[in-house]
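**Q** If you scroll down you'll find the structure; I have some questions about it.
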Amino acid sequence: YVKRDDIEAYHPDVNVYEVRRNKPNTETDEDELVALFLHDNYARPHKSSGAWMSEYRSQKKNLAQGADPIEAIPIVSNNNNFAKGSGSALLSFDDGQTLFHEMGHGHHGMLSDATYRTLASTSVLRDFVELPSQLMEHWLSEPIVLKEHALHHETGEPVPDDLLERLKAAQLFNEGFATVEYTACALFDMAVHQLSDYDDDFDLAKFEKEYLEEQGMPQGIVMRHRPAHFAHLFASSGYAAGYYVYQWAQVLDEDVYAAFEETGNVFDPETAEKCRKYIYSAGNTVAPQELFQSFRGRDPDISFFLKSRGLV
């Protein structure tokens, strides 16, 4: 990443970077431009809430004759809403996860290597789109990463070992509750979208109550998102009958990250190159199942997901 202070962005808080890498299949240190990256981290008036990745231009190779080659280079932004103080911006661990998550989406766009824009970047099936983002979150909790970047804002001291141990010990807290409340939403999402017909006086709250009772929903847990504000269901067709994809993506990302752990080095270069090729660069040029099988050599194994949730 090469910061470009000379490039003016749409707001003073936005940092612009050239993303470069060594040219593949060469023995020199010569690098090439891969993407332009805009990092828009701070909340401000009139900015949309939440966190997201955007593309001002997607990667492609099929340029018109005589077109400037720069038009093949993607322009990607990550947008967050962290509080900007007068000094350091202090992030919680959840904020860090959001930062890494959106960087995963960002890398999905920046590392894209497809011929056609419509098949490039994050233009993949919903079942697959959250894999690159959730996978990136894993590196945040690695002690070597936290020791390097989780520094005291006044003294510069790295996060102490006892705090890391407490953080690790708390990772499985409430996972049973979280799994049930999410799974209930995913099942309800599919159930309500399977209704082929309903009366004008259809009572969504009644349908919710009866469906959850039918599924044996524990009384002490409610759905993470009640139907009236379950935006994934009704705001657009993007995640309609597809809310399950976050959990399915976790099945995939836990399995993919296990491939790094199995090498004894979570930064293993050979595994990272396979990950770039099959997870981050292929876009929708190959079916997701084939991409996973090419990376892992087999179908997904749910045991890594269950272990990460403390369910086995």
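Note on naming: chains are A, B, ... as they come in the structure tokens, residues start from 1 per chain, ligands start from 1 in the order shown.
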Apply DSSP to the structure's backbone, then extract all residues of stretch 149-243 of chain A labelled helix (DSSP H, G or I) and return them as an mmCIF file with all heavy atoms, in the first residue's frame.
**A**
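Ended up saving to result20.cif:
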data_model
loop_
_atom_site.group_PDB
_atom_site.id
_atom_site.type_symbol
_atom_site.label_atom_id
_atom_site.label_comp_id
_atom_site.auth_asym_id
_atom_site.auth_seq_id
_atom_site.Cartn_x
_atom_site.Cartn_y
_atom_site.Cartn_z
ATOM 1 N N HIS A 149 -0.279 -4.261 16.269
ATOM 2 C CA HIS A 149 -1.178 -3.153 15.963
ATOM 3 C C HIS A 149 -2.055 -2.701 17.124
ATOM 4 O O HIS A 149 -2.541 -1.569 17.109
ATOM 5 C CB HIS A 149 -2.075 -3.537 14.774
ATOM 6 C CG HIS A 149 -1.313 -3.805 13.515
ATOM 7 N ND1 HIS A 149 -0.730 -2.800 12.766
ATOM 8 C CD2 HIS A 149 -1.024 -4.969 12.875
ATOM 9 C CE1 HIS A 149 -0.119 -3.319 11.718
ATOM 10 N NE2 HIS A 149 -0.278 -4.636 11.767
ATOM 11 N N ASP A 161 -0.133 -9.775 27.562
ATOM 12 C CA ASP A 161 -0.479 -11.180 27.353
ATOM 13 C C ASP A 161 -1.707 -11.603 28.157
ATOM 14 O O ASP A 161 -2.530 -12.387 27.675
ATOM 15 C CB ASP A 161 0.708 -12.076 27.727
ATOM 16 C CG ASP A 161 1.871 -11.918 26.758
ATOM 17 O OD1 ASP A 161 1.624 -11.542 25.598
ATOM 18 O OD2 ASP A 161 3.018 -12.178 27.166
ATOM 19 N N ASP A 162 -1.850 -11.094 29.386
ATOM 20 C CA ASP A 162 -2.985 -11.516 30.206
ATOM 21 C C ASP A 162 -4.307 -11.049 29.609
ATOM 22 O O ASP A 162 -5.323 -11.740 29.680
ATOM 23 C CB ASP A 162 -2.830 -11.012 31.648
ATOM 24 C CG ASP A 162 -2.937 -9.499 31.751
ATOM 25 O OD1 ASP A 162 -2.329 -8.803 30.915
ATOM 26 O OD2 ASP A 162 -3.628 -9.018 32.672
ATOM 27 N N LEU A 163 -4.293 -9.882 28.947
ATOM 28 C CA LEU A 163 -5.497 -9.399 28.290
ATOM 29 C C LEU A 163 -5.825 -10.258 27.069
ATOM 30 O O LEU A 163 -6.993 -10.550 26.788
ATOM 31 C CB LEU A 163 -5.329 -7.938 27.889
ATOM 32 C CG LEU A 163 -6.565 -7.251 27.294
ATOM 33 C CD1 LEU A 163 -7.748 -7.343 28.245
ATOM 34 C CD2 LEU A 163 -6.266 -5.793 26.973
ATOM 35 N N LEU A 164 -4.792 -10.681 26.357
ATOM 36 C CA LEU A 164 -5.011 -11.581 25.221
ATOM 37 C C LEU A 164 -5.603 -12.905 25.678
ATOM 38 O O LEU A 164 -6.486 -13.468 25.023
ATOM 39 C CB LEU A 164 -3.691 -11.833 24.483
ATOM 40 C CG LEU A 164 -3.100 -10.660 23.704
ATOM 41 C CD1 LEU A 164 -1.796 -11.080 23.033
ATOM 42 C CD2 LEU A 164 -4.075 -10.153 22.656
ATOM 43 N N GLU A 165 -5.129 -13.410 26.814
ATOM 44 C CA GLU A 165 -5.657 -14.660 27.339
ATOM 45 C C GLU A 165 -7.121 -14.517 27.731
ATOM 46 O O GLU A 165 -7.937 -15.412 27.491
ATOM 47 C CB GLU A 165 -4.824 -15.118 28.543
ATOM 48 C CG GLU A 165 -3.431 -15.624 28.182
ATOM 49 C CD GLU A 165 -3.486 -16.846 27.277
ATOM 50 O OE1 GLU A 165 -4.376 -17.704 27.499
ATOM 51 O OE2 GLU A 165 -2.671 -16.928 26.349
ATOM 52 N N ARG A 166 -7.475 -13.386 28.348
ATOM 53 C CA ARG A 166 -8.872 -13.155 28.738
ATOM 54 C C ARG A 166 -9.756 -13.001 27.507
ATOM 55 O O ARG A 166 -10.897 -13.469 27.488
ATOM 56 C CB ARG A 166 -8.972 -11.916 29.633
ATOM 57 C CG ARG A 166 -8.174 -12.024 30.926
ATOM 58 C CD ARG A 166 -8.773 -11.202 32.047
ATOM 59 N NE ARG A 166 -9.053 -9.829 31.689
ATOM 60 C CZ ARG A 166 -8.189 -8.824 31.814
ATOM 61 N NH1 ARG A 166 -6.960 -9.062 32.299
ATOM 62 N NH2 ARG A 166 -8.525 -7.602 31.497
ATOM 63 N N LEU A 167 -9.225 -12.360 26.491
ATOM 64 C CA LEU A 167 -9.969 -12.199 25.244
ATOM 65 C C LEU A 167 -10.245 -13.561 24.615
ATOM 66 O O LEU A 167 -11.374 -13.849 24.179
ATOM 67 C CB LEU A 167 -9.180 -11.317 24.278
ATOM 68 C CG LEU A 167 -9.816 -11.033 22.920
ATOM 69 C CD1 LEU A 167 -11.085 -10.209 23.081
ATOM 70 C CD2 LEU A 167 -8.837 -10.310 22.016
ATOM 71 N N LYS A 168 -9.238 -14.413 24.585
ATOM 72 C CA LYS A 168 -9.399 -15.748 24.020
ATOM 73 C C LYS A 168 -10.391 -16.572 24.832
ATOM 74 O O LYS A 168 -11.237 -17.297 24.267
ATOM 75 C CB LYS A 168 -8.044 -16.456 23.979
ATOM 76 C CG LYS A 168 -8.099 -17.849 23.354
ATOM 77 C CD LYS A 168 -6.711 -18.478 23.294
ATOM 78 C CE LYS A 168 -6.765 -19.872 22.679
ATOM 79 N NZ LYS A 168 -5.417 -20.499 22.632
ATOM 80 N N ALA A 169 -10.322 -16.450 26.161
ATOM 81 C CA ALA A 169 -11.209 -17.221 27.031
ATOM 82 C C ALA A 169 -12.672 -16.817 26.854
ATOM 83 O O ALA A 169 -13.575 -17.627 27.085
ATOM 84 C CB ALA A 169 -10.793 -17.046 28.487
ATOM 85 N N GLU A 175 -22.127 -18.256 22.775
ATOM 86 C CA GLU A 175 -22.203 -18.717 21.388
ATOM 87 C C GLU A 175 -23.445 -19.563 21.134
ATOM 88 O O GLU A 175 -23.989 -19.554 20.031
ATOM 89 C CB GLU A 175 -20.943 -19.508 21.011
ATOM 90 C CG GLU A 175 -19.757 -18.628 20.644
ATOM 91 C CD GLU A 175 -20.009 -17.777 19.421
ATOM 92 O OE1 GLU A 175 -20.802 -18.190 18.551
ATOM 93 O OE2 GLU A 175 -19.428 -16.690 19.331
ATOM 94 N N GLY A 176 -23.896 -20.311 22.138
ATOM 95 C CA GLY A 176 -25.122 -21.078 21.965
ATOM 96 C C GLY A 176 -26.303 -20.170 21.691
ATOM 97 O O GLY A 176 -27.099 -20.403 20.767
ATOM 98 N N PHE A 177 -26.420 -19.104 22.492
ATOM 99 C CA PHE A 177 -27.490 -18.125 22.297
ATOM 100 C C PHE A 177 -27.386 -17.487 20.914
ATOM 101 O O PHE A 177 -28.382 -17.405 20.177
ATOM 102 C CB PHE A 177 -27.389 -17.043 23.381
ATOM 103 C CG PHE A 177 -28.470 -16.006 23.335
ATOM 104 C CD1 PHE A 177 -29.573 -16.094 24.183
ATOM 105 C CD2 PHE A 177 -28.398 -14.934 22.453
ATOM 106 C CE1 PHE A 177 -30.578 -15.131 24.144
ATOM 107 C CE2 PHE A 177 -29.396 -13.975 22.404
ATOM 108 C CZ PHE A 177 -30.491 -14.074 23.255
ATOM 109 N N ALA A 178 -26.183 -17.044 20.556
ATOM 110 C CA ALA A 178 -25.994 -16.359 19.273
ATOM 111 C C ALA A 178 -26.319 -17.271 18.097
ATOM 112 O O ALA A 178 -26.899 -16.829 17.096
ATOM 113 C CB ALA A 178 -24.561 -15.854 19.170
ATOM 114 N N THR A 179 -25.953 -18.540 18.211
ATOM 115 C CA THR A 179 -26.221 -19.483 17.121
ATOM 116 C C THR A 179 -27.712 -19.700 16.942
ATOM 117 O O THR A 179 -28.224 -19.708 15.817
ATOM 118 C CB THR A 179 -25.524 -20.829 17.394
ATOM 119 O OG1 THR A 179 -24.105 -20.621 17.488
ATOM 120 C CG2 THR A 179 -25.795 -21.818 16.275
ATOM 121 N N VAL A 180 -28.440 -19.834 18.052
ATOM 122 C CA VAL A 180 -29.885 -20.075 17.979
ATOM 123 C C VAL A 180 -30.606 -18.841 17.437
ATOM 124 O O VAL A 180 -31.479 -18.953 16.559
ATOM 125 C CB VAL A 180 -30.445 -20.481 19.348
ATOM 126 C CG1 VAL A 180 -31.978 -20.509 19.323
ATOM 127 C CG2 VAL A 180 -29.913 -21.837 19.754
ATOM 128 N N GLU A 181 -30.281 -17.646 17.933
ATOM 129 C CA GLU A 181 -31.011 -16.456 17.491
ATOM 130 C C GLU A 181 -30.758 -16.184 16.009
ATOM 131 O O GLU A 181 -31.654 -15.719 15.293
ATOM 132 C CB GLU A 181 -30.635 -15.230 18.330
ATOM 133 C CG GLU A 181 -29.201 -14.755 18.180
ATOM 134 C CD GLU A 181 -28.972 -13.358 18.742
ATOM 135 O OE1 GLU A 181 -29.941 -12.749 19.232
ATOM 136 O OE2 GLU A 181 -27.831 -12.865 18.662
ATOM 137 N N TYR A 182 -29.549 -16.487 15.544
ATOM 138 C CA TYR A 182 -29.267 -16.297 14.118
ATOM 139 C C TYR A 182 -29.958 -17.363 13.284
ATOM 140 O O TYR A 182 -30.601 -17.073 12.265
ATOM 141 C CB TYR A 182 -27.768 -16.330 13.848
ATOM 142 C CG TYR A 182 -27.465 -16.245 12.364
ATOM 143 C CD1 TYR A 182 -27.274 -15.020 11.751
ATOM 144 C CD2 TYR A 182 -27.431 -17.390 11.570
ATOM 145 C CE1 TYR A 182 -27.050 -14.928 10.389
ATOM 146 C CE2 TYR A 182 -27.211 -17.313 10.204
ATOM 147 C CZ TYR A 182 -27.014 -16.080 9.621
ATOM 148 O OH TYR A 182 -26.799 -16.008 8.266
ATOM 149 N N THR A 183 -29.822 -18.624 13.684
ATOM 150 C CA THR A 183 -30.408 -19.721 12.914
ATOM 151 C C THR A 183 -31.914 -19.568 12.814
ATOM 152 O O THR A 183 -32.520 -19.857 11.769
ATOM 153 C CB THR A 183 -30.049 -21.076 13.557
ATOM 154 O OG1 THR A 183 -28.629 -21.194 13.659
ATOM 155 C CG2 THR A 183 -30.583 -22.235 12.723
ATOM 156 N N ALA A 184 -32.546 -19.087 13.874
ATOM 157 C CA ALA A 184 -33.991 -18.850 13.840
ATOM 158 C C ALA A 184 -34.348 -17.833 12.759
ATOM 159 O O ALA A 184 -35.336 -18.012 12.031
ATOM 160 C CB ALA A 184 -34.475 -18.365 15.207
ATOM 161 N N CYS A 185 -33.550 -16.782 12.638
ATOM 162 C CA CYS A 185 -33.791 -15.778 11.589
ATOM 163 C C CYS A 185 -33.652 -16.390 10.201
ATOM 164 O O CYS A 185 -34.453 -16.120 9.299
ATOM 165 C CB CYS A 185 -32.803 -14.621 11.735
ATOM 166 S SG CYS A 185 -33.164 -13.492 13.086
ATOM 167 N N ALA A 186 -32.614 -17.198 10.014
ATOM 168 C CA ALA A 186 -32.356 -17.798 8.707
ATOM 169 C C ALA A 186 -33.485 -18.749 8.313
ATOM 170 O O ALA A 186 -33.931 -18.758 7.152
ATOM 171 C CB ALA A 186 -31.019 -18.530 8.720
ATOM 172 N N LEU A 187 -33.965 -19.546 9.273
ATOM 173 C CA LEU A 187 -35.055 -20.481 8.984
ATOM 174 C C LEU A 187 -36.365 -19.736 8.718
ATOM 175 O O LEU A 187 -37.122 -20.073 7.791
ATOM 176 C CB LEU A 187 -35.231 -21.450 10.154
ATOM 177 C CG LEU A 187 -34.083 -22.445 10.378
ATOM 178 C CD1 LEU A 187 -34.290 -23.216 11.681
ATOM 179 C CD2 LEU A 187 -33.965 -23.415 9.210
ATOM 180 N N PHE A 188 -36.627 -18.702 9.524
ATOM 181 C CA PHE A 188 -37.842 -17.911 9.329
ATOM 182 C C PHE A 188 -37.816 -17.222 7.966
ATOM 183 O O PHE A 188 -38.829 -17.171 7.264
ATOM 184 C CB PHE A 188 -37.971 -16.869 10.445
ATOM 185 C CG PHE A 188 -39.135 -15.933 10.259
ATOM 186 C CD1 PHE A 188 -40.402 -16.308 10.686
ATOM 187 C CD2 PHE A 188 -38.974 -14.694 9.658
ATOM 188 C CE1 PHE A 188 -41.488 -15.455 10.514
ATOM 189 C CE2 PHE A 188 -40.049 -13.840 9.483
ATOM 190 C CZ PHE A 188 -41.309 -14.223 9.918
ATOM 191 N N ASP A 189 -36.680 -16.697 7.594
ATOM 192 C CA ASP A 189 -36.499 -16.046 6.294
ATOM 193 C C ASP A 189 -36.933 -16.980 5.163
ATOM 194 O O ASP A 189 -37.715 -16.611 4.279
ATOM 195 C CB ASP A 189 -35.025 -15.644 6.150
ATOM 196 C CG ASP A 189 -34.661 -15.134 4.773
ATOM 197 O OD1 ASP A 189 -35.540 -14.599 4.077
ATOM 198 O OD2 ASP A 189 -33.490 -15.289 4.382
ATOM 199 N N MET A 190 -36.443 -18.208 5.175
ATOM 200 C CA MET A 190 -36.792 -19.150 4.114
ATOM 201 C C MET A 190 -38.257 -19.568 4.194
ATOM 202 O O MET A 190 -38.933 -19.723 3.167
ATOM 203 C CB MET A 190 -35.872 -20.372 4.175
ATOM 204 C CG MET A 190 -34.458 -20.062 3.711
ATOM 205 S SD MET A 190 -33.392 -21.512 3.579
ATOM 206 C CE MET A 190 -32.894 -21.706 5.285
ATOM 207 N N ALA A 191 -38.774 -19.706 5.413
ATOM 208 C CA ALA A 191 -40.170 -20.131 5.568
ATOM 209 C C ALA A 191 -41.135 -19.087 5.022
ATOM 210 O O ALA A 191 -42.086 -19.423 4.300
ATOM 211 C CB ALA A 191 -40.467 -20.404 7.045
ATOM 212 N N VAL A 192 -40.895 -17.825 5.342
ATOM 213 C CA VAL A 192 -41.834 -16.787 4.916
ATOM 214 C C VAL A 192 -41.750 -16.562 3.407
ATOM 215 O O VAL A 192 -42.741 -16.207 2.759
ATOM 216 C CB VAL A 192 -41.583 -15.474 5.705
ATOM 217 C CG1 VAL A 192 -40.378 -14.717 5.172
ATOM 218 C CG2 VAL A 192 -42.826 -14.588 5.693
ATOM 219 N N HIS A 193 -40.569 -16.818 2.820
ATOM 220 C CA HIS A 193 -40.453 -16.670 1.365
ATOM 221 C C HIS A 193 -40.962 -17.893 0.604
ATOM 222 O O HIS A 193 -41.059 -17.855 -0.624
ATOM 223 C CB HIS A 193 -38.994 -16.376 0.985
ATOM 224 C CG HIS A 193 -38.624 -14.940 1.154
ATOM 225 N ND1 HIS A 193 -37.995 -14.472 2.281
ATOM 226 C CD2 HIS A 193 -38.822 -13.859 0.357
ATOM 227 C CE1 HIS A 193 -37.812 -13.166 2.171
ATOM 228 N NE2 HIS A 193 -38.302 -12.766 1.018
ATOM 229 N N LEU A 204 -48.245 -11.267 10.079
ATOM 230 C CA LEU A 204 -46.846 -11.709 10.086
ATOM 231 C C LEU A 204 -46.397 -12.087 11.493
ATOM 232 O O LEU A 204 -45.645 -13.052 11.674
ATOM 233 C CB LEU A 204 -45.947 -10.618 9.505
ATOM 234 C CG LEU A 204 -44.466 -10.970 9.313
ATOM 235 C CD1 LEU A 204 -44.305 -12.150 8.363
ATOM 236 C CD2 LEU A 204 -43.690 -9.763 8.788
ATOM 237 N N ALA A 205 -46.828 -11.322 12.478
ATOM 238 C CA ALA A 205 -46.436 -11.620 13.862
ATOM 239 C C ALA A 205 -46.988 -12.974 14.303
ATOM 240 O O ALA A 205 -46.309 -13.740 14.999
ATOM 241 C CB ALA A 205 -46.920 -10.512 14.790
ATOM 242 N N LYS A 206 -48.224 -13.280 13.889
ATOM 243 C CA LYS A 206 -48.820 -14.575 14.227
ATOM 244 C C LYS A 206 -48.064 -15.699 13.535
ATOM 245 O O LYS A 206 -47.789 -16.747 14.136
ATOM 246 C CB LYS A 206 -50.291 -14.590 13.815
ATOM 247 C CG LYS A 206 -50.992 -15.900 14.141
ATOM 248 C CD LYS A 206 -52.452 -15.872 13.667
ATOM 249 C CE LYS A 206 -53.130 -17.207 13.954
ATOM 250 N NZ LYS A 206 -54.531 -17.230 13.438
ATOM 251 N N PHE A 207 -47.707 -15.484 12.257
ATOM 252 C CA PHE A 207 -46.944 -16.490 11.527
ATOM 253 C C PHE A 207 -45.603 -16.739 12.209
ATOM 254 O O PHE A 207 -45.170 -17.887 12.359
ATOM 255 C CB PHE A 207 -46.716 -16.032 10.092
ATOM 256 C CG PHE A 207 -45.888 -16.982 9.269
ATOM 257 C CD1 PHE A 207 -46.470 -18.078 8.648
ATOM 258 C CD2 PHE A 207 -44.518 -16.790 9.131
ATOM 259 C CE1 PHE A 207 -45.709 -18.968 7.897
ATOM 260 C CE2 PHE A 207 -43.738 -17.671 8.388
ATOM 261 C CZ PHE A 207 -44.344 -18.764 7.772
ATOM 262 N N GLU A 208 -44.954 -15.661 12.649
ATOM 263 C CA GLU A 208 -43.674 -15.786 13.351
ATOM 264 C C GLU A 208 -43.833 -16.634 14.608
ATOM 265 O O GLU A 208 -43.051 -17.569 14.850
ATOM 266 C CB GLU A 208 -43.142 -14.402 13.717
ATOM 267 C CG GLU A 208 -41.898 -14.437 14.595
ATOM 268 C CD GLU A 208 -41.647 -13.116 15.309
ATOM 269 O OE1 GLU A 208 -42.541 -12.251 15.295
ATOM 270 O OE2 GLU A 208 -40.549 -12.976 15.893
ATOM 271 N N LYS A 209 -44.839 -16.305 15.420
ATOM 272 C CA LYS A 209 -45.052 -17.009 16.684
ATOM 273 C C LYS A 209 -45.294 -18.497 16.447
ATOM 274 O O LYS A 209 -44.673 -19.353 17.089
ATOM 275 C CB LYS A 209 -46.234 -16.384 17.426
ATOM 276 C CG LYS A 209 -46.545 -17.007 18.792
ATOM 277 C CD LYS A 209 -47.667 -16.232 19.485
ATOM 278 C CE LYS A 209 -47.922 -16.791 20.879
ATOM 279 N NZ LYS A 209 -48.436 -18.183 20.841
ATOM 280 N N GLU A 210 -46.171 -18.810 15.502
ATOM 281 C CA GLU A 210 -46.513 -20.207 15.242
ATOM 282 C C GLU A 210 -45.341 -20.968 14.637
ATOM 283 O O GLU A 210 -45.102 -22.137 14.981
ATOM 284 C CB GLU A 210 -47.733 -20.268 14.315
ATOM 285 C CG GLU A 210 -49.012 -19.752 14.972
ATOM 286 C CD GLU A 210 -50.198 -19.739 14.015
ATOM 287 O OE1 GLU A 210 -49.975 -19.935 12.789
ATOM 288 O OE2 GLU A 210 -51.333 -19.527 14.473
ATOM 289 N N TYR A 211 -44.608 -20.301 13.764
ATOM 290 C CA TYR A 211 -43.470 -20.988 13.135
ATOM 291 C C TYR A 211 -42.386 -21.301 14.157
ATOM 292 O O TYR A 211 -41.833 -22.414 14.173
ATOM 293 C CB TYR A 211 -42.893 -20.141 12.001
ATOM 294 C CG TYR A 211 -41.686 -20.775 11.350
ATOM 295 C CD1 TYR A 211 -41.830 -21.846 10.470
ATOM 296 C CD2 TYR A 211 -40.394 -20.339 11.658
ATOM 297 C CE1 TYR A 211 -40.723 -22.465 9.907
ATOM 298 C CE2 TYR A 211 -39.287 -20.950 11.088
ATOM 299 C CZ TYR A 211 -39.462 -22.013 10.217
ATOM 300 O OH TYR A 211 -38.359 -22.628 9.662
ATOM 301 N N LEU A 212 -42.071 -20.349 15.020
ATOM 302 C CA LEU A 212 -41.018 -20.578 16.014
ATOM 303 C C LEU A 212 -41.437 -21.651 17.014
ATOM 304 O O LEU A 212 -40.597 -22.441 17.470
ATOM 305 C CB LEU A 212 -40.665 -19.277 16.724
ATOM 306 C CG LEU A 212 -40.009 -18.197 15.850
ATOM 307 C CD1 LEU A 212 -39.701 -16.952 16.673
ATOM 308 C CD2 LEU A 212 -38.740 -18.723 15.192
ATOM 309 N N GLU A 213 -42.704 -21.689 17.371
ATOM 310 C CA GLU A 213 -43.185 -22.747 18.252
ATOM 311 C C GLU A 213 -43.039 -24.106 17.578
ATOM 312 O O GLU A 213 -42.636 -25.095 18.203
ATOM 313 C CB GLU A 213 -44.648 -22.495 18.622
ATOM 314 C CG GLU A 213 -44.845 -21.331 19.589
ATOM 315 C CD GLU A 213 -46.308 -21.067 19.876
ATOM 316 O OE1 GLU A 213 -47.176 -21.687 19.198
ATOM 317 O OE2 GLU A 213 -46.604 -20.231 20.761
ATOM 318 N N GLU A 214 -43.341 -24.145 16.302
ATOM 319 C CA GLU A 214 -43.201 -25.384 15.538
ATOM 320 C C GLU A 214 -41.757 -25.857 15.493
ATOM 321 O O GLU A 214 -41.474 -27.057 15.532
ATOM 322 C CB GLU A 214 -43.725 -25.149 14.118
ATOM 323 C CG GLU A 214 -43.601 -26.329 13.183
ATOM 324 C CD GLU A 214 -44.006 -25.964 11.762
ATOM 325 O OE1 GLU A 214 -44.990 -25.222 11.601
ATOM 326 O OE2 GLU A 214 -43.319 -26.410 10.817
ATOM 327 N N GLN A 215 -40.815 -24.896 15.450
ATOM 328 C CA GLN A 215 -39.393 -25.237 15.386
ATOM 329 C C GLN A 215 -38.793 -25.538 16.749
ATOM 330 O O GLN A 215 -37.632 -25.935 16.854
ATOM 331 C CB GLN A 215 -38.606 -24.085 14.740
ATOM 332 C CG GLN A 215 -38.968 -23.797 13.297
ATOM 333 C CD GLN A 215 -38.763 -24.998 12.402
ATOM 334 O OE1 GLN A 215 -37.701 -25.633 12.416
ATOM 335 N NE2 GLN A 215 -39.786 -25.337 11.620
ATOM 336 N N PRO A 227 -39.474 -9.558 12.507
ATOM 337 C CA PRO A 227 -39.868 -9.363 11.108
ATOM 338 C C PRO A 227 -40.084 -7.919 10.686
ATOM 339 O O PRO A 227 -39.722 -7.532 9.568
ATOM 340 C CB PRO A 227 -41.180 -10.168 11.024
ATOM 341 C CG PRO A 227 -41.034 -11.232 12.050
ATOM 342 C CD PRO A 227 -40.277 -10.601 13.173
ATOM 343 N N ALA A 228 -40.649 -7.100 11.572
ATOM 344 C CA ALA A 228 -40.981 -5.725 11.175
ATOM 345 C C ALA A 228 -39.757 -4.886 10.826
ATOM 346 O O ALA A 228 -39.857 -3.912 10.069
ATOM 347 C CB ALA A 228 -41.777 -5.040 12.285
ATOM 348 N N HIS A 229 -38.595 -5.239 11.356
ATOM 349 C CA HIS A 229 -37.384 -4.470 11.024
ATOM 350 C C HIS A 229 -36.282 -5.373 10.472
ATOM 351 O O HIS A 229 -35.101 -5.016 10.508
ATOM 352 C CB HIS A 229 -36.876 -3.688 12.251
ATOM 353 C CG HIS A 229 -36.375 -4.549 13.374
ATOM 354 N ND1 HIS A 229 -35.083 -4.988 13.456
ATOM 355 C CD2 HIS A 229 -37.012 -5.056 14.456
ATOM 356 C CE1 HIS A 229 -34.933 -5.738 14.543
ATOM 357 N NE2 HIS A 229 -36.078 -5.785 15.173
ATOM 358 N N ALA A 231 -34.523 -6.021 7.795
ATOM 359 C CA ALA A 231 -34.279 -5.382 6.498
ATOM 360 C C ALA A 231 -33.772 -6.358 5.444
ATOM 361 O O ALA A 231 -34.038 -6.186 4.253
ATOM 362 C CB ALA A 231 -33.289 -4.229 6.666
ATOM 363 N N HIS A 232 -33.032 -7.380 5.852
ATOM 364 C CA HIS A 232 -32.524 -8.362 4.887
ATOM 365 C C HIS A 232 -33.677 -9.047 4.137
ATOM 366 O O HIS A 232 -33.523 -9.458 2.988
ATOM 367 C CB HIS A 232 -31.680 -9.425 5.585
ATOM 368 C CG HIS A 232 -30.283 -9.002 5.884
ATOM 369 N ND1 HIS A 232 -29.976 -8.141 6.895
ATOM 370 C CD2 HIS A 232 -29.101 -9.305 5.278
ATOM 371 C CE1 HIS A 232 -28.671 -7.939 6.930
ATOM 372 N NE2 HIS A 232 -28.122 -8.635 5.958
ATOM 373 N N LEU A 233 -34.825 -9.171 4.785
ATOM 374 C CA LEU A 233 -35.954 -9.851 4.158
ATOM 375 C C LEU A 233 -36.645 -8.989 3.116
ATOM 376 O O LEU A 233 -37.024 -9.478 2.049
ATOM 377 C CB LEU A 233 -36.991 -10.250 5.216
ATOM 378 C CG LEU A 233 -36.899 -11.658 5.798
ATOM 379 C CD1 LEU A 233 -35.645 -11.786 6.631
ATOM 380 C CD2 LEU A 233 -38.130 -11.950 6.641
ATOM 381 N N PHE A 234 -36.836 -7.688 3.436
ATOM 382 C CA PHE A 234 -37.764 -6.896 2.651
ATOM 383 C C PHE A 234 -37.156 -5.664 1.982
ATOM 384 O O PHE A 234 -37.768 -5.095 1.074
ATOM 385 C CB PHE A 234 -38.922 -6.432 3.543
ATOM 386 C CG PHE A 234 -39.610 -7.561 4.264
ATOM 387 C CD1 PHE A 234 -39.614 -7.635 5.643
ATOM 388 C CD2 PHE A 234 -40.242 -8.563 3.547
ATOM 389 C CE1 PHE A 234 -40.248 -8.682 6.301
ATOM 390 C CE2 PHE A 234 -40.871 -9.615 4.195
ATOM 391 C CZ PHE A 234 -40.879 -9.672 5.583
#
**Q** Can you list, as an MDAnalysis selection string, every protein, DNA or RNA residue that comes within 12 Å of A:Leu131 when you count only C-alpha atoms, leaving out same-chain residues fewer than 3 positions away?
**A** chainID A and resid 101:102 104:105 107:108 122 124:128 134:138 245:257 275 278:280 283 288 291:292
**Q** Hey, what's within 9 Å of A:Val14 if we count only C-alpha atoms and toss same-chain stuff fewer than 3 positions away? As a ChimeraX atom specification, please?
**A** /A:8-11,38-42
**Q** When you count only C-alpha atoms, which of these residues is closest to A:Ala72: A:Pro218, A:Ser49, A:Met110, A:Phe100?
**A** A:Met110
**Q** Which residue, A:Gln171, A:Asn80, A:Gly50, A:Tyr244, has the smallest gap to A:Met103 when you use only C-alpha atoms?
**A**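 For A:Met103, the nearest of the candidates is A:Asn80.
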